[in-house]
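K.L.:
Here it is, the structure in full.
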Amino acid sequence: IALLSCYVVDRYGREVPDASPLVRFTASGAGKLFTTGSSITDHTSPFSPDRKMWMGRVSVTVKLSDTHGTVNIFAQADGLESAALQFDI
């Protein structure tokens, strides 16, 4: 399992600690989205691909495949530029 942290930055690359968008995660390749989490206690299932940020951060866990390959993670939120992370296992 890979544990990843997602955060918002402004146009100068500085973290935005009060950001609270709803982020949708997707995964492809050699990994599958497993859980998402933040400190928001809104009763959203940990297995939901959608998670609201708390204090500008949200976490996602990805279950890695048993074979080598490339893992692709995507994060999207309304009003923000989408983000992608790619790594090999």
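Just remember, in the structure tokens the first chain shown is A, the second B, etc., residues are 1-based per chain, and ligands are 1-based in the order shown.
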List as CSV every residue of region 1-61 of chain A that is in contact with region 78-81 of chain A, defined as an atom at most 9 Å from one of its atoms (using only C-alpha atoms), together with the nearest atom pair and the distance in Å rounded to one decimal, sorted by chain and then rising number.
P.N.:
residue,atom,partner,partner_atom,distance
A:Val8,CA,A:Leu80,CA,8.5
A:Pro21,CA,A:Asp78,CA,7.4
A:Leu22,CA,A:Asp78,CA,7.6
A:Val23,CA,A:Asp78,CA,8.0
K.L.:
Would you save the residues from that selection as a short mmCIF file (atom, residue, chain, number, x, y, z; two decimals), in the first residue's frame, using all heavy atoms?
P.N.:
data_model
loop_
_atom_site.label_atom_id
_atom_site.label_comp_id
_atom_site.auth_asym_id
_atom_site.auth_seq_id
_atom_site.Cartn_x
_atom_site.Cartn_y
_atom_site.Cartn_z
N VAL A 8 -3.09 21.81 -1.47
CA VAL A 8 -3.31 22.90 -2.41
C VAL A 8 -2.16 23.89 -2.28
O VAL A 8 -1.72 24.20 -1.18
CB VAL A 8 -4.65 23.61 -2.12
CG1 VAL A 8 -4.82 24.84 -3.00
CG2 VAL A 8 -5.81 22.66 -2.32
N PRO A 21 -11.45 22.22 -0.49
CA PRO A 21 -12.26 21.71 -1.61
C PRO A 21 -12.56 20.22 -1.45
O PRO A 21 -11.89 19.50 -0.72
CB PRO A 21 -11.36 21.94 -2.83
CG PRO A 21 -9.98 21.80 -2.28
CD PRO A 21 -10.06 22.43 -0.91
N LEU A 22 -13.58 19.78 -2.16
CA LEU A 22 -13.88 18.36 -2.28
C LEU A 22 -13.01 17.82 -3.42
O LEU A 22 -13.07 18.33 -4.53
CB LEU A 22 -15.36 18.15 -2.60
CG LEU A 22 -15.81 16.71 -2.73
CD1 LEU A 22 -15.74 16.01 -1.37
CD2 LEU A 22 -17.21 16.64 -3.29
N VAL A 23 -12.18 16.84 -3.13
CA VAL A 23 -11.24 16.29 -4.10
C VAL A 23 -11.70 14.91 -4.53
O VAL A 23 -12.09 14.10 -3.69
CB VAL A 23 -9.81 16.21 -3.51
CG1 VAL A 23 -8.82 15.69 -4.54
CG2 VAL A 23 -9.37 17.56 -2.97
#
K.L.:
Choose the residue, out of A:Thr67, A:Arg11, A:Ser38, A:Leu85, that has the smallest atom-to-atom separation from Met53 (chain A); count only C-alpha atoms.
P.N.:
A:Ser38
K.L.:
Where in chain A does DSSP assign strand (DSSP E), given as number ranges by chain?
P.N.:
A: 2-7, 22-29, 31-37, 50-52, 57-64, 70-76, 83-88
K.L.:
Quick one, how far is CA of Gly31 (chain A) from CA of Ile73 (chain A)?
P.N.:
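That distance, rounded to one decimal, is 8.4 Å.
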K.L.:
Using only C-alpha atoms, which protein or nucleic acid residues come within 8 Å of region 56-63 of chain A? Drop anything in the same chain fewer than 4 positions from it, and give the result as a PyMOL selection string.
P.N.:
chain A and resi 1-8+15-20+25+27+31-38+51-52
K.L.:
Need to verify the contact set: Asp88 (chain A), 10 Å, only C-alpha atoms, exclusion of same-chain residues closer than 3 positions in sequence. Can you return it as a VMD selection string?
P.N.:
chain A and resid 29 to 31 68 to 72
K.L.:
In Å, with one decimal, what is the gap from CA of Val9 (chain A) to CA of Ala75 (chain A)?
P.N.:
13.4 Å
K.L.:
One number please: CA of Phe74 (chain A) to CA of Pro49 (chain A), in Å, one decimal.
P.N.:
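These two atoms are separated by 10.7 Å.
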